[in-house]
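Quick look at upload.pdb (PDB, C-alpha atoms):
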```
ATOM      1  CA  MET A   1      -3.113  28.442  62.112
ATOM      2  CA  ARG A   2      -6.315  26.863  60.817
ATOM      3  CA  LYS A   3      -6.957  29.912  58.689
ATOM      4  CA  PHE A   4      -3.427  29.652  57.306
ATOM      5  CA  LEU A   5      -3.821  25.941  56.466
ATOM      6  CA  PHE A   6      -7.242  26.552  54.917
ATOM      7  CA  GLY A   7      -5.786  29.364  52.847
ATOM      8  CA  LEU A   8      -2.845  27.222  51.763
ATOM      9  CA  MET A   9      -5.158  24.373  50.736
ATOM     10  CA  THR A  10      -7.313  26.816  48.826
ATOM     11  CA  VAL A  11      -4.302  28.135  46.928
ATOM     12  CA  LEU A  12      -3.112  24.592  46.144
ATOM     13  CA  LEU A  13      -6.580  23.634  44.933
ATOM     14  CA  ILE A  14      -6.662  26.669  42.665
ATOM     15  CA  VAL A  15      -3.225  25.770  41.247
ATOM     16  CA  VAL A  16      -4.286  22.167  40.603
ATOM     17  CA  LEU A  17      -7.526  23.252  38.957
ATOM     18  CA  ALA A  18      -5.651  25.793  36.854
ATOM     19  CA  ALA A  19      -3.174  23.135  35.782
ATOM     20  CA  CYS A  20      -5.989  20.748  34.864
ATOM     21  CA  SER A  21      -7.767  23.511  33.039
ATOM     22  CA  SER A  22      -4.567  24.343  31.189
ATOM     23  CA  GLY A  23      -4.056  20.678  30.305
ATOM     24  CA  ASP A  24      -7.629  20.347  29.121
ATOM     25  CA  LYS A  25      -7.221  23.526  27.108
ATOM     26  CA  LYS A  26      -4.068  22.180  25.483
ATOM     27  CA  ASN A  27      -5.800  18.876  24.695
ATOM     28  CA  ASP A  28      -8.769  20.765  23.262
ATOM     29  CA  GLU A  29      -6.395  22.889  21.195
ATOM     30  CA  LYS A  30      -4.646  19.724  19.948
ATOM     31  CA  SER A  31      -7.976  18.122  19.057
ATOM     32  CA  SER A  32      -9.145  21.302  17.360
ATOM     33  CA  ALA A  33      -5.876  21.528  15.422
ATOM     34  CA  LYS A  34      -6.331  17.955  14.196
ATOM     35  CA  LYS A  35      -9.835  18.722  13.022
ATOM     36  CA  ASP A  36      -8.393  21.486  10.878
ATOM     37  CA  GLN A  37      -5.757  19.156   9.380
ATOM     38  CA  THR A  38      -6.461  17.052   6.311
ATOM     39  CA  ILE A  39      -4.348  13.977   5.592
ATOM     40  CA  THR A  40      -4.433  13.026   1.912
ATOM     41  CA  PHE A  41      -3.614   9.495   0.764
ATOM     42  CA  GLY A  42      -2.480   8.594  -2.725
ATOM     43  CA  VAL A  43      -4.319   5.542  -4.027
ATOM     44  CA  THR A  44      -3.045   3.480  -6.957
ATOM     45  CA  PRO A  45      -5.526   1.326  -8.958
ATOM     46  CA  TRP A  46      -4.303  -1.899  -7.342
ATOM     47  CA  THR A  47      -6.281  -4.197  -5.073
ATOM     48  CA  SER A  48      -3.398  -4.286  -2.571
ATOM     49  CA  THR A  49      -3.630  -0.515  -2.035
ATOM     50  CA  VAL A  50      -7.228  -0.392  -0.856
ATOM     51  CA  PRO A  51      -7.314  -2.253   2.519
ATOM     52  CA  PRO A  52      -4.260  -0.541   4.091
ATOM     53  CA  THR A  53      -5.478   2.862   2.924
ATOM     54  CA  LYS A  54      -8.990   2.318   4.282
ATOM     55  CA  ILE A  55      -7.684   1.040   7.626
ATOM     56  CA  ALA A  56      -5.262   3.957   7.989
ATOM     57  CA  ARG A  57      -8.004   6.388   6.992
ATOM     58  CA  LEU A  58     -10.440   5.116   9.630
ATOM     59  CA  ILE A  59      -7.786   5.158  12.359
ATOM     60  CA  LEU A  60      -6.750   8.716  11.511
ATOM     61  CA  GLU A  61     -10.378   9.817  11.455
ATOM     62  CA  ASP A  62     -10.823   8.198  14.881
ATOM     63  CA  MET A  63      -7.810  10.265  15.990
ATOM     64  CA  GLY A  64      -9.581  13.447  14.866
ATOM     65  CA  TYR A  65      -8.097  14.101  11.425
ATOM     66  CA  LYS A  66      -9.925  14.786   8.216
ATOM     67  CA  VAL A  67      -8.841  12.351   5.517
ATOM     68  CA  GLU A  68      -9.085  12.453   1.734
ATOM     69  CA  GLU A  69      -7.982  10.097  -1.041
ATOM     70  CA  THR A  70      -6.481  10.928  -4.436
ATOM     71  CA  ASN A  71      -6.595   8.258  -7.136
ATOM     72  CA  ALA A  72      -3.584   8.288  -9.461
ATOM     73  CA  ASP A  73      -0.790   6.184 -10.938
ATOM     74  CA  VAL A  74       2.452   5.688  -9.014
ATOM     75  CA  SER A  75       4.426   8.399 -10.817
ATOM     76  CA  SER A  76       1.709  10.986 -10.205
ATOM     77  CA  ILE A  77       1.426   9.995  -6.541
ATOM     78  CA  TYR A  78       5.142  10.545  -6.009
ATOM     79  CA  ILE A  79       4.888  13.937  -7.696
ATOM     80  CA  GLY A  80       2.047  14.761  -5.287
ATOM     81  CA  LEU A  81       4.075  13.517  -2.319
ATOM     82  CA  SER A  82       7.039  15.652  -3.335
ATOM     83  CA  ARG A  83       4.837  18.756  -3.567
ATOM     84  CA  GLY A  84       2.911  18.087  -0.377
ATOM     85  CA  ASP A  85      -0.397  17.706  -2.236
ATOM     86  CA  ILE A  86      -0.387  14.079  -1.030
ATOM     87  CA  ASN A  87       0.733  13.238   2.509
ATOM     88  CA  ALA A  88       1.008   9.448   2.442
ATOM     89  CA  TYR A  89       1.033   6.400   0.196
ATOM     90  CA  MET A  90       0.524   2.939   1.731
ATOM     91  CA  ASP A  91       1.611   0.634  -1.126
ATOM     92  CA  SER A  92       5.101   1.455  -2.402
ATOM     93  CA  TRP A  93       6.877  -1.633  -3.766
ATOM     94  CA  MET A  94      10.581  -1.664  -3.031
ATOM     95  CA  PRO A  95      13.073  -1.874  -4.591
ATOM     96  CA  SER A  96      11.225  -1.123  -7.851
ATOM     97  CA  HIS A  97       9.972   2.232  -6.508
ATOM     98  CA  GLU A  98      13.392   3.327  -5.245
ATOM     99  CA  VAL A  99      13.807   5.328  -8.452
ATOM    100  CA  HIS A 100      11.076   7.675  -7.169
ATOM    101  CA  LEU A 101      12.726   8.020  -3.750
ATOM    102  CA  GLU A 102      15.983   8.957  -5.449
ATOM    103  CA  LYS A 103      14.259  11.413  -7.789
ATOM    104  CA  TYR A 104      12.500  13.230  -4.932
ATOM    105  CA  GLU A 105      15.188  12.834  -2.273
ATOM    106  CA  GLY A 106      14.612  15.221   0.609
ATOM    107  CA  LYS A 107      10.967  15.750  -0.353
ATOM    108  CA  VAL A 108       9.588  12.281   0.395
ATOM    109  CA  GLU A 109      10.365   9.865   3.210
ATOM    110  CA  ASP A 110      10.457   6.075   3.413
ATOM    111  CA  THR A 111       8.465   5.866   6.648
ATOM    112  CA  ALA A 112       7.662   2.205   7.412
ATOM    113  CA  VAL A 113       7.592  -1.342   6.062
ATOM    114  CA  SER A 114       3.929  -2.231   5.586
ATOM    115  CA  PHE A 115       4.475  -5.961   4.997
ATOM    116  CA  SER A 116       6.946  -8.530   3.679
ATOM    117  CA  GLY A 117       6.465 -11.823   1.875
ATOM    118  CA  ALA A 118       5.276 -10.318  -1.378
ATOM    119  CA  ALA A 119       6.236 -11.601  -4.837
ATOM    120  CA  SER A 120       6.043 -10.302  -8.382
ATOM    121  CA  GLY A 121       6.982 -11.449 -11.860
ATOM    122  CA  LEU A 122       5.650 -13.016 -15.014
ATOM    123  CA  VAL A 123       3.050 -15.729 -14.504
ATOM    124  CA  VAL A 124       1.698 -18.513 -16.690
ATOM    125  CA  PRO A 125      -0.990 -21.188 -16.131
ATOM    126  CA  ASN A 126       0.137 -24.294 -14.296
ATOM    127  CA  TYR A 127      -0.989 -26.398 -17.261
ATOM    128  CA  MET A 128       2.005 -24.960 -19.163
ATOM    129  CA  GLU A 129       4.335 -27.522 -17.587
ATOM    130  CA  ASP A 130       7.244 -26.767 -19.948
ATOM    131  CA  ILE A 131       7.310 -23.034 -19.078
ATOM    132  CA  ASN A 132       9.006 -22.549 -15.716
ATOM    133  CA  SER A 133      11.411 -19.699 -16.424
ATOM    134  CA  ILE A 134      11.576 -16.685 -18.707
ATOM    135  CA  GLU A 135      14.245 -18.486 -20.765
ATOM    136  CA  ASP A 136      11.600 -21.120 -21.551
ATOM    137  CA  LEU A 137       9.677 -18.455 -23.494
ATOM    138  CA  ILE A 138      12.536 -17.997 -25.951
ATOM    139  CA  GLY A 139      11.667 -19.565 -29.308
ATOM    140  CA  LYS A 140       8.064 -20.093 -28.212
ATOM    141  CA  GLU A 141       6.917 -16.482 -28.384
ATOM    142  CA  ASP A 142       4.439 -17.225 -31.201
ATOM    143  CA  LEU A 143       2.515 -19.562 -28.883
ATOM    144  CA  PHE A 144       1.615 -16.439 -26.906
ATOM    145  CA  ASN A 145       0.842 -14.393 -29.996
ATOM    146  CA  ASN A 146       4.105 -12.572 -29.157
ATOM    147  CA  GLU A 147       2.342 -10.730 -26.309
ATOM    148  CA  ILE A 148       2.877 -10.245 -22.588
ATOM    149  CA  TYR A 149      -0.072  -8.700 -20.766
ATOM    150  CA  GLY A 150       0.811  -5.990 -18.259
ATOM    151  CA  VAL A 151      -0.735  -3.285 -16.091
ATOM    152  CA  GLU A 152      -0.972   0.417 -16.884
ATOM    153  CA  ALA A 153       1.800   1.977 -18.980
ATOM    154  CA  GLY A 154       4.123   4.358 -17.166
ATOM    155  CA  GLY A 155       4.296   2.372 -13.938
ATOM    156  CA  ASN A 156       7.464   0.682 -12.731
ATOM    157  CA  ALA A 157       6.166  -2.817 -13.467
ATOM    158  CA  ALA A 158       5.553  -1.871 -17.090
ATOM    159  CA  LYS A 159       9.046  -0.394 -17.384
ATOM    160  CA  ILE A 160      10.603  -3.508 -15.851
ATOM    161  CA  ILE A 161       8.761  -5.782 -18.288
ATOM    162  CA  ASP A 162       9.934  -3.684 -21.248
ATOM    163  CA  SER A 163      13.521  -3.960 -19.984
ATOM    164  CA  LEU A 164      13.053  -7.682 -19.392
ATOM    165  CA  ILE A 165      11.831  -8.237 -22.964
ATOM    166  CA  GLU A 166      14.939  -6.517 -24.290
ATOM    167  CA  GLY A 167      17.301  -8.153 -21.802
ATOM    168  CA  TYR A 168      16.166 -11.690 -22.563
ATOM    169  CA  GLY A 169      15.906 -10.981 -26.296
ATOM    170  CA  LEU A 170      12.248 -11.974 -26.421
ATOM    171  CA  ASP A 171      10.332 -11.446 -29.650
ATOM    172  CA  MET A 172       7.365 -10.127 -27.704
ATOM    173  CA  LYS A 173       5.635  -6.873 -26.924
ATOM    174  CA  GLN A 174       3.889  -5.743 -23.781
ATOM    175  CA  VAL A 175       0.148  -5.075 -24.010
ATOM    176  CA  ASN A 176      -0.807  -2.645 -21.255
ATOM    177  CA  SER A 177      -4.199  -2.165 -19.647
ATOM    178  CA  SER A 178      -5.749  -1.804 -16.194
ATOM    179  CA  GLU A 179      -5.194  -4.482 -13.581
ATOM    180  CA  GLY A 180      -8.729  -5.763 -14.133
ATOM    181  CA  GLY A 181      -8.345  -5.722 -17.918
ATOM    182  CA  MET A 182      -5.079  -7.657 -17.754
ATOM    183  CA  ILE A 183      -6.533 -10.317 -15.463
ATOM    184  CA  ALA A 184      -9.691 -10.625 -17.564
ATOM    185  CA  GLN A 185      -7.569 -11.242 -20.658
ATOM    186  CA  GLY A 186      -5.517 -13.861 -18.825
ATOM    187  CA  ARG A 187      -8.653 -15.572 -17.572
ATOM    188  CA  ARG A 188     -10.198 -15.659 -21.071
ATOM    189  CA  GLN A 189      -7.121 -17.379 -22.462
ATOM    190  CA  MET A 190      -7.007 -19.839 -19.583
ATOM    191  CA  GLU A 191     -10.676 -20.778 -19.980
ATOM    192  CA  GLN A 192      -9.721 -22.041 -23.456
ATOM    193  CA  LYS A 193      -6.523 -23.669 -22.153
ATOM    194  CA  LYS A 194      -4.479 -21.387 -24.388
ATOM    195  CA  PRO A 195      -0.913 -20.214 -23.658
ATOM    196  CA  VAL A 196      -0.811 -16.853 -21.897
ATOM    197  CA  VAL A 197       1.785 -14.884 -19.936
ATOM    198  CA  PHE A 198       1.039 -11.826 -17.839
ATOM    199  CA  TYR A 199       2.237  -9.846 -14.847
ATOM    200  CA  GLY A 200       1.364 -11.189 -11.424
ATOM    201  CA  TRP A 201       2.064 -10.315  -7.829
ATOM    202  CA  ARG A 202       1.231 -11.248  -4.282
ATOM    203  CA  PRO A 203      -0.761 -10.127  -2.363
ATOM    204  CA  HIS A 204      -3.499 -10.629  -4.905
ATOM    205  CA  THR A 205      -6.551 -12.828  -5.292
ATOM    206  CA  MET A 206      -5.341 -13.980  -8.718
ATOM    207  CA  PHE A 207      -3.383 -16.674  -6.884
ATOM    208  CA  ASN A 208      -6.511 -17.723  -4.981
ATOM    209  CA  LYS A 209      -8.803 -17.713  -8.012
ATOM    210  CA  MET A 210      -6.500 -18.766 -10.876
ATOM    211  CA  ASP A 211      -4.251 -21.814 -11.262
ATOM    212  CA  ILE A 212      -1.045 -19.912 -12.072
ATOM    213  CA  LYS A 213       2.650 -19.877 -11.203
ATOM    214  CA  VAL A 214       5.405 -17.261 -11.183
ATOM    215  CA  ILE A 215       8.127 -18.252 -13.630
ATOM    216  CA  GLU A 216      11.773 -17.875 -12.678
ATOM    217  CA  ASP A 217      13.599 -14.662 -13.578
ATOM    218  CA  THR A 218      17.268 -15.694 -13.546
ATOM    219  CA  LYS A 219      18.466 -12.249 -14.642
ATOM    220  CA  GLY A 220      16.816 -10.593 -11.643
ATOM    221  CA  TYR A 221      14.593  -8.013 -13.264
ATOM    222  CA  PHE A 222      11.978  -8.767 -10.633
ATOM    223  CA  SER A 223      13.263  -8.916  -7.069
ATOM    224  CA  ILE A 224      11.444 -10.075  -3.935
ATOM    225  CA  PRO A 225       9.771  -6.883  -2.795
ATOM    226  CA  ASP A 226       8.892  -5.314   0.523
ATOM    227  CA  ILE A 227       5.975  -2.928   0.579
ATOM    228  CA  HIS A 228       6.587   0.423   2.260
ATOM    229  CA  VAL A 229       4.656   3.417   3.554
ATOM    230  CA  ILE A 230       5.895   6.665   2.001
ATOM    231  CA  THR A 231       5.107  10.141   3.337
ATOM    232  CA  ASN A 232       5.772  13.716   2.381
ATOM    233  CA  ALA A 233       8.893  14.936   4.189
ATOM    234  CA  GLY A 234       6.931  17.679   5.958
ATOM    235  CA  LEU A 235       4.329  15.437   7.576
ATOM    236  CA  LYS A 236       6.448  14.715  10.657
ATOM    237  CA  GLU A 237       6.374  18.385  11.631
ATOM    238  CA  GLU A 238       2.917  19.276  10.321
ATOM    239  CA  ALA A 239       1.021  16.335  11.837
ATOM    240  CA  PRO A 240       3.330  14.547  14.310
ATOM    241  CA  GLU A 241       0.712  12.166  15.721
ATOM    242  CA  ALA A 242      -0.395  11.091  12.246
ATOM    243  CA  TYR A 243       3.258  10.619  11.297
ATOM    244  CA  GLU A 244       3.935   8.549  14.439
ATOM    245  CA  PHE A 245       1.031   6.258  13.592
ATOM    246  CA  LEU A 246       2.189   5.793   9.987
ATOM    247  CA  SER A 247       5.791   5.202  11.101
ATOM    248  CA  ASN A 248       4.534   2.353  13.326
ATOM    249  CA  TRP A 249       2.280   0.872  10.640
ATOM    250  CA  SER A 250       2.447  -2.810   9.707
ATOM    251  CA  ILE A 251       0.020  -5.482   8.549
ATOM    252  CA  ASP A 252       0.210  -9.226   7.962
ATOM    253  CA  ILE A 253       0.148 -10.252   4.300
ATOM    254  CA  ASP A 254      -2.341 -13.058   5.043
ATOM    255  CA  ASP A 255      -4.736 -10.560   6.645
ATOM    256  CA  LEU A 256      -4.312  -8.306   3.640
ATOM    257  CA  GLU A 257      -5.089 -11.056   1.121
ATOM    258  CA  ALA A 258      -8.154 -12.102   3.133
ATOM    259  CA  MET A 259      -9.442  -8.523   2.977
ATOM    260  CA  ILE A 260      -8.780  -8.291  -0.766
ATOM    261  CA  VAL A 261     -10.803 -11.477  -1.305
ATOM    262  CA  ALA A 262     -13.673 -10.138   0.844
ATOM    263  CA  ILE A 263     -13.756  -6.854  -1.089
ATOM    264  CA  GLU A 264     -13.643  -8.623  -4.454
ATOM    265  CA  ASP A 265     -16.526 -10.805  -3.272
ATOM    266  CA  GLY A 266     -18.643  -7.695  -2.701
ATOM    267  CA  ALA A 267     -17.929  -6.477   0.827
ATOM    268  CA  GLU A 268     -17.630  -2.725   1.341
ATOM    269  CA  PRO A 269     -13.952  -1.741   1.843
ATOM    270  CA  GLU A 270     -14.787   0.458   4.859
ATOM    271  CA  VAL A 271     -16.689  -2.404   6.527
ATOM    272  CA  VAL A 272     -13.787  -4.809   5.956
ATOM    273  CA  ALA A 273     -11.323  -2.224   7.274
ATOM    274  CA  ARG A 274     -13.397  -1.519  10.403
ATOM    275  CA  GLU A 275     -13.663  -5.236  11.102
ATOM    276  CA  TRP A 276      -9.868  -5.545  10.944
ATOM    277  CA  ILE A 277      -9.496  -2.616  13.353
ATOM    278  CA  ASP A 278     -11.992  -4.160  15.802
ATOM    279  CA  ASN A 279     -10.194  -7.514  15.649
ATOM    280  CA  ASN A 280      -6.716  -5.981  16.064
ATOM    281  CA  GLN A 281      -7.257  -3.237  18.626
ATOM    282  CA  ASP A 282      -4.096  -4.085  20.588
ATOM    283  CA  LYS A 283      -2.043  -3.707  17.418
ATOM    284  CA  VAL A 284      -3.828  -0.456  16.574
ATOM    285  CA  ASN A 285      -3.069   0.903  20.049
ATOM    286  CA  GLU A 286       0.611   0.074  19.558
ATOM    287  CA  MET A 287       0.674   1.864  16.214
ATOM    288  CA  ILE A 288      -0.929   5.028  17.590
ATOM    289  CA  GLY A 289       1.302   4.980  20.666
ATOM    290  CA  LYS A 290      -1.274   4.195  23.357
TER     291      LYS A 290
END
```
Full structure transcribed into structure tokens:
Amino acid sequence: MRKFLFGLMTVLLIVVLAACSSGDKKNDEKSSAKKDQTITFGVTPWTSTVPPTKIARLILEDMGYKVEETNADVSSIYIGLSRGDINAYMDSWMPSHEVHLEKYEGKVEDTAVSFSGAASGLVVPNYMEDINSIEDLIGKEDLFNNEIYGVEAGGNAAKIIDSLIEGYGLDMKQVNSSEGGMIAQGRRQMEQKKPVVFYGWRPHTMFNKMDIKVIEDTKGYFSIPDIHVITNAGLKEEAPEAYEFLSNWSIDIDDLEAMIVAIEDGAEPEVVAREWIDNNQDKVNEMIGK
């Protein structure tokens, strides 16, 4: 009887060890598979894109993935998403970017809301007390040298401003440049207390560092946006754990603006991102499903 019990226990021990070994093997295979997978983020030249992308990158690398970044404008990023060359984009402004979702329906996926509370529109200095709406620009276009400063041509914001100029019947043209170039031009005009109108949005340090206001758009060219995470439609199957994390992603707009300020003041983006992760580990665990 003792021999039988000893034999039975031996068999059970072997089964348990085999099961553990099998589980470990599966986990090792999963980890190895992740190491062979590269997640590519699209990165637009906007300050609001950098912190979420860096945070997501570090978390995915901690999970065992390789991560790369591709710098491009919005239209090119959506093309990359539709082809699978880019797996995720952390800074899609809805509803203005819905045109891209419609164009690449079935190839890209609206995966999560990154944050709410954003704003966008035309801005002027607060010292321009008589300019509080776009209608107030009508008949005063020459004060602004008939120019509205905007970001890069080809993006949705630029297209909206062109439509807005036509819709309001403004005798103005849009002058496009990089985000930094546009802000520098606005700041130069403001230093001389001159009239200036340009494109502004929150989250952005321009509202922390410049005395400006968003003027009212009664015709609704600019809506109150939500910022979304967009992924390639195949990511859910190709990298399910990465997809689960991105589908659970969210960040507070105040945290985001604080990080943008820190980066603009000279902090390394990766250091700022790691600090956020360390200070929000419970939230990170929720997003990765721990």
Straight-line distance linking atom CA of A:Lys283 with atom CA of A:Thr38, stated in Å to one decimal |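 So the answer is 24.0 Å.
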For atom CA of A:Trp276 and atom CA of A:Thr49, the interatomic separation in Å (one decimal) |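 We find that atom CA of A:Trp276 and atom CA of A:Thr49 lie 15.3 Å from each other.
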In terms of the shortest atom-to-atom distance over all atoms listed in the file, which of A:Ser116, A:Thr205, A:Thr218, A:Asn232 is closest to A:Asp252?
->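 Ranking A:Ser116, A:Thr205, A:Thr218, A:Asn232 by distance to A:Asp252, first place goes to A:Ser116.
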So what do you get for atom CA of A:Glu102 versus atom CA of A:Ser177, distance-wise?
->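 Separation of atom CA of A:Glu102 and atom CA of A:Ser177: 27.1 Å.
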If we count only C-alpha atoms, what is near stretch 151-163 of chain A at a cut-off of 7 Å, once residues fewer than 3 positions away on the same chain are taken out, given as a list in words?
->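 The neighbour list is Val74, Ser75, Ser96, His97, Glu166, Gly167, Gln174, Asn176, Ser177, Ser178, Glu179, Met182 and Tyr221 of chain A.
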Could you give me the axis-aligned bounding box of stretch 150-161 of chain A, with 5 Å of padding per side, as centre plus edge lengths in Å to one decimal, as AutoDock Vina command-line options?
```
--center_x 4.8 --center_y -0.8 --center_z -15.9 --size_x 21.6 --size_y 20.3 --size_z 16.2
```
Mind telling me what the PyMOL selection byres ((chain A and resi 48) around 7) catches here, as a ChimeraX atom specification?
-> /A:46-47,49-51,203-204,260
Residues returned when the PyMOL selection byres ((chain A and resi 211) around 7) runs on this file, as a VMD selection string | chain A and resid 125 to 126 207 209 to 210 212
What does the PyMOL selection byres ((chain A and resi 200) around 8) select in this file, as a PyMOL selection string?
-> chain A and resi 120-123+198-199+201-202+206+214
Go through A:Gly84, A:Gly117, A:Gly234, A:Gly42 and flag the residue nearest A:Val67, using all atoms listed in the file for the distances.
-> A:Gly42
Could you name the residues that touch A:Ile277 at 10 Å or less, counting only C-alpha atoms, but leaving out those on the same chain fewer than 6 positions away, as a list of chain:residue names?
->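 The contact residues come out as A:Ile55, A:Ala56, A:Leu58, A:Ile59, A:Val271, A:Lys283, A:Val284, A:Asn285.
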Can you spit out the residues from that selection as a PDB file, keeping the file's coordinate frame, using C-alpha atoms?
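Written out: selection-v7.pdb:
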```pdb
ATOM      1  CA  ILE A  55      -7.684   1.040   7.626  1.00  0.00           C
ATOM      2  CA  ALA A  56      -5.262   3.957   7.989  1.00  0.00           C
ATOM      3  CA  LEU A  58     -10.440   5.116   9.630  1.00  0.00           C
ATOM      4  CA  ILE A  59      -7.786   5.158  12.359  1.00  0.00           C
ATOM      5  CA  VAL A 271     -16.689  -2.404   6.527  1.00  0.00           C
ATOM      6  CA  LYS A 283      -2.043  -3.707  17.418  1.00  0.00           C
ATOM      7  CA  VAL A 284      -3.828  -0.456  16.574  1.00  0.00           C
ATOM      8  CA  ASN A 285      -3.069   0.903  20.049  1.00  0.00           C
TER       9      ASN A 285
END
```
Restricting the calculation to all atoms listed in the file, which member of A:Asp217, A:Tyr104, A:Tyr243, A:Thr231 is positioned closest to A:Ile131?
->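 Closest residue, counting all atoms listed in the file: A:Asp217.
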Got a sec: who's within 10 Å of A:Ser114, counting all atoms listed in the file, leaving out chain neighbours fewer than 2 positions off, as a ChimeraX atom specification?
-> /A:52,90-93,111-112,116,226-230,246-253
Which is closest to A:Asn145 among A:Val43, A:Val124, A:Met172, A:Ile86, if we use all atoms listed in the file?
->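 Using all atoms listed in the file, the shortest distance to A:Asn145 belongs to A:Met172.
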A:Pro240 surroundings by all atoms listed in the file, 12 Å radius, close-in-sequence under 4 positions cut, as a list in words =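 So, after excluding close chain neighbours, the residues are Lys30, Ala33, Lys34, Gln37, Ile39, Leu60, Tyr65, Thr231, Ala233, Gly234, Leu235, Lys236, Glu244, Phe245, Leu246, Ser247, Ile288 and Gly289 of chain A.
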